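S.K.: One structure coming up, written as structure tokens, with questions to follow.
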Amino acid sequence: FFQQNTMQLFKTIVEAVSGEIKKVKELKEEKEKLQHQVAQLENKKPVIVQQNVTIMNTQNTINAQQTNVANVVLQRPSKTASSSLLKNKTFALCGTFSILQQDLEATIIRNGGHIGKSVDKDTDYVLIGNDVATLPDTSKAKAARGHNVTVLREQYILDVNAKQQSLSVTSKYKFTSSSSSSKPKANKAPPAKKSVSVSGHKRKLQAIEPPAKKAKTDSILKSKNFVLCGTLSVNQSEMKQRILENGGHVVSKIDKDADYVIVGNNAKSLPATKSAEAKALGKPLVREQFVFDCIQEKKLKNVTKKYRYDP
């Protein structure tokens, strides 16, 4: 009996020890796994730190941009009248300007003026941009001609606001264009047919009409081919007409026959295909002011840095 009990006790002890040994082995394996994971985390630590730095820099950039936007909003001209330099004067704004149109409107209002949505008998001035060479073909421009309203450049408003004094509307500020002042002549009625008597018989003779005169064209842009690209300060049809009137030609695509590729004065970007085509063929990208200055000075000017558009 004693021997049997001893064997049973020994067996129980062996099983308990085996169980503990197994647990120790499992704990050891778990420890090795944890050590491996810690080593991996240590290797990733520089990357995580760099990511945190990038996130912080991005957040700082966002905060700075938000501050700049807030400052721009705060610096915008107030729309509350604070002076009477433009008192009782109504302005109608037409086309594009060197500053935001809403800021220009706010400057006019701040100096006592009014903004008209259309041009009528109560409009004092039509305001256009400083760089506009020809009056835009818009309803406001047509109404200005119809009501004989003076057209001013935006510089007048900018100078009044900067100097804070009333300024005379001199030729410095007035917009003048020979094309806008010329009016088409009314078509004359064809000469009436006359009846003459030949040997006692009346016979109607067809009046002889003089041959139609061809429209006079200058040769400033003679034999030069232009490609019009993007949005211009005037309608493309008007620009085309001006080029044709001065001896040039307008072509539809950029090829070896094209001499100039014309873009707007305020162009910020150009389709990559257009830039690539012009560059591949060695055709200059030129701002529309080049055409206006050639016509105004009556000579073909060189494409200097002033006119060249660099995308």
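If you're wondering about the labels, chains in the structure tokens are A, B, ... by order shown, residues count from 1 in each chain, ligands from 1 in order shown.
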Give me the residues near Cys294 (chain A) as a PyMOL selection string, where near means some atom within 9 Å (using only C-alpha atoms) and where sequence neighbours in that chain fewer than 6 positions away do not count.
M.R.: chain A and resi 220-221+300-301
S.K.: Write the selection just made, keeping N, CA and C atoms, as an mmCIF file, in the first residue's frame?
M.R.:
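Written out: part-v5.cif:
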data_model
loop_
_atom_site.group_PDB
_atom_site.id
_atom_site.type_symbol
_atom_site.label_atom_id
_atom_site.label_comp_id
_atom_site.auth_asym_id
_atom_site.auth_seq_id
_atom_site.Cartn_x
_atom_site.Cartn_y
_atom_site.Cartn_z
ATOM 1 N N ILE A 220 0.887 97.165 -92.207
ATOM 2 C CA ILE A 220 1.768 97.059 -91.033
ATOM 3 C C ILE A 220 2.110 95.597 -90.739
ATOM 4 N N LEU A 221 1.104 94.725 -90.834
ATOM 5 C CA LEU A 221 1.281 93.305 -90.518
ATOM 6 C C LEU A 221 1.309 92.459 -91.786
ATOM 7 N N LEU A 300 5.852 97.358 -87.615
ATOM 8 C CA LEU A 300 5.999 96.021 -87.054
ATOM 9 C C LEU A 300 7.129 96.039 -86.033
ATOM 10 N N LYS A 301 6.788 95.827 -84.773
ATOM 11 C CA LYS A 301 7.763 95.924 -83.698
ATOM 12 C C LYS A 301 8.476 94.594 -83.491
#
S.K.: Work out how far CA of Asp310 (chain A) is from CA of Leu285 (chain A), in Å to one decimal.
M.R.: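 Result for CA of Leu285 (chain A) versus CA of Asp310 (chain A): 7.3 Å, one decimal.
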S.K.: Would you mind listing what lies within 12 Å of region 155-170 of chain A as JSON, numbers by chain, with only C-alpha atoms counted and same-chain residues fewer than 2 positions away left out?
M.R.: {"A": [77, 82, 83, 84, 85, 86, 87, 89, 91, 93, 97, 98, 99, 103, 104, 105, 106, 107, 108, 109, 110, 111, 112, 113, 124, 125, 126, 127, 128, 129, 130, 131, 132, 150, 151, 152, 153, 172, 173, 174, 175, 176]}
S.K.: If we count only C-alpha atoms and set the cut-off at 12 Å, which residues sit around Lys306 (chain A), ignoring sequence neighbours fewer than 3 positions away in its own chain? Please answer as a list of chain:residue names.
M.R.: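 So the residues in contact are A:Asn265, A:Leu285, A:Val286, A:Arg287, A:Glu288, A:Gln289, A:Phe290, A:Asp293, A:Lys301, A:Asn302, A:Val303, A:Tyr309, A:Asp310.
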S.K.: Using only all heavy atoms, please write the residues we just selected to a file, as a tab-separated table (two decimals), in the first residue's frame.
M.R.:
chain	number	residue	atom	x	y	z
A	265	ASN	N	-3.20	89.44	-72.63
A	265	ASN	CA	-2.26	90.19	-71.79
A	265	ASN	C	-2.20	89.63	-70.39
A	265	ASN	O	-1.16	89.68	-69.73
A	265	ASN	CB	-2.67	91.67	-71.74
A	265	ASN	CG	-2.36	92.39	-73.05
A	265	ASN	OD1	-1.46	92.00	-73.79
A	265	ASN	ND2	-3.12	93.44	-73.33
A	285	LEU	N	5.47	82.89	-78.55
A	285	LEU	CA	4.20	83.15	-77.86
A	285	LEU	C	4.21	84.63	-77.47
A	285	LEU	O	5.05	85.06	-76.70
A	285	LEU	CB	4.07	82.25	-76.63
A	285	LEU	CG	3.99	80.75	-76.89
A	285	LEU	CD1	4.10	79.98	-75.59
A	285	LEU	CD2	2.69	80.40	-77.59
A	286	VAL	N	3.26	85.39	-78.02
A	286	VAL	CA	3.30	86.85	-77.89
A	286	VAL	C	1.99	87.34	-77.29
A	286	VAL	O	0.91	86.87	-77.65
A	286	VAL	CB	3.51	87.52	-79.27
A	286	VAL	CG1	3.63	89.03	-79.13
A	286	VAL	CG2	4.75	86.96	-79.94
A	287	ARG	N	2.09	88.29	-76.36
A	287	ARG	CA	0.88	88.86	-75.76
A	287	ARG	C	0.20	89.80	-76.76
A	287	ARG	O	0.83	90.41	-77.61
A	287	ARG	CB	1.22	89.62	-74.47
A	287	ARG	CG	1.79	88.68	-73.39
A	287	ARG	CD	1.82	89.35	-72.04
A	287	ARG	NE	2.39	88.48	-71.01
A	287	ARG	CZ	1.72	87.59	-70.35
A	287	ARG	NH1	0.43	87.43	-70.58
A	287	ARG	NH2	2.29	86.84	-69.42
A	288	GLU	N	-1.13	89.92	-76.62
A	288	GLU	CA	-1.93	90.69	-77.58
A	288	GLU	C	-1.51	92.16	-77.66
A	288	GLU	O	-1.75	92.83	-78.67
A	288	GLU	CB	-3.41	90.61	-77.20
A	288	GLU	CG	-3.72	91.15	-75.81
A	288	GLU	CD	-5.17	90.98	-75.42
A	288	GLU	OE1	-6.04	91.33	-76.22
A	288	GLU	OE2	-5.43	90.50	-74.29
A	289	GLN	N	-0.86	92.68	-76.61
A	289	GLN	CA	-0.42	94.07	-76.63
A	289	GLN	C	0.53	94.34	-77.79
A	289	GLN	O	0.62	95.48	-78.29
A	289	GLN	CB	0.27	94.41	-75.30
A	289	GLN	CG	0.49	95.90	-75.07
A	289	GLN	CD	-0.83	96.66	-75.01
A	289	GLN	OE1	-1.77	96.20	-74.40
A	289	GLN	NE2	-0.88	97.82	-75.63
A	290	PHE	N	1.23	93.29	-78.25
A	290	PHE	CA	2.13	93.42	-79.39
A	290	PHE	C	1.36	93.90	-80.62
A	290	PHE	O	1.81	94.82	-81.33
A	290	PHE	CB	2.78	92.06	-79.67
A	290	PHE	CG	3.56	92.00	-80.96
A	290	PHE	CD1	4.81	92.59	-81.06
A	290	PHE	CD2	3.04	91.35	-82.08
A	290	PHE	CE1	5.52	92.54	-82.25
A	290	PHE	CE2	3.74	91.29	-83.26
A	290	PHE	CZ	4.99	91.89	-83.34
A	293	ASP	N	0.16	97.59	-80.13
A	293	ASP	CA	1.24	98.58	-80.24
A	293	ASP	C	1.73	98.71	-81.68
A	293	ASP	O	2.08	99.81	-82.12
A	293	ASP	CB	2.41	98.19	-79.32
A	293	ASP	CG	2.07	98.41	-77.84
A	293	ASP	OD1	0.98	98.96	-77.57
A	293	ASP	OD2	2.88	98.03	-76.98
A	301	LYS	N	6.79	95.83	-84.77
A	301	LYS	CA	7.76	95.92	-83.70
A	301	LYS	C	8.48	94.59	-83.49
A	301	LYS	O	8.00	93.54	-83.92
A	301	LYS	CB	7.07	96.36	-82.40
A	301	LYS	CG	6.44	97.73	-82.50
A	301	LYS	CD	5.68	98.08	-81.23
A	301	LYS	CE	6.60	98.29	-80.04
A	301	LYS	NZ	7.47	99.48	-80.21
A	302	ASN	N	9.62	94.66	-82.83
A	302	ASN	CA	10.33	93.44	-82.46
A	302	ASN	C	9.66	92.79	-81.25
A	302	ASN	O	9.11	93.47	-80.39
A	302	ASN	CB	11.80	93.75	-82.14
A	302	ASN	CG	12.56	94.24	-83.34
A	302	ASN	OD1	12.30	93.80	-84.46
A	302	ASN	ND2	13.49	95.17	-83.12
A	303	VAL	N	9.72	91.48	-81.21
A	303	VAL	CA	9.13	90.75	-80.08
A	303	VAL	C	10.14	90.77	-78.93
A	303	VAL	O	10.97	89.89	-78.77
A	303	VAL	CB	8.78	89.29	-80.46
A	303	VAL	CG1	8.16	88.58	-79.26
A	303	VAL	CG2	7.82	89.28	-81.63
A	309	TYR	N	5.52	85.91	-74.07
A	309	TYR	CA	4.86	85.14	-73.01
A	309	TYR	C	5.67	83.90	-72.73
A	309	TYR	O	5.93	83.09	-73.63
A	309	TYR	CB	3.44	84.76	-73.42
A	309	TYR	CG	2.78	83.76	-72.50
A	309	TYR	CD1	2.25	84.16	-71.28
A	309	TYR	CD2	2.71	82.42	-72.84
A	309	TYR	CE1	1.66	83.25	-70.42
A	309	TYR	CE2	2.12	81.50	-71.99
A	309	TYR	CZ	1.59	81.91	-70.78
A	309	TYR	OH	1.00	81.00	-69.93
A	310	ASP	N	6.13	83.75	-71.50
A	310	ASP	CA	6.90	82.57	-71.10
A	310	ASP	C	6.08	81.72	-70.15
A	310	ASP	O	5.87	82.10	-68.99
A	310	ASP	CB	8.21	83.00	-70.40
A	310	ASP	CG	9.13	83.74	-71.36
A	310	ASP	OD1	9.24	83.30	-72.51
A	310	ASP	OD2	9.73	84.75	-70.95
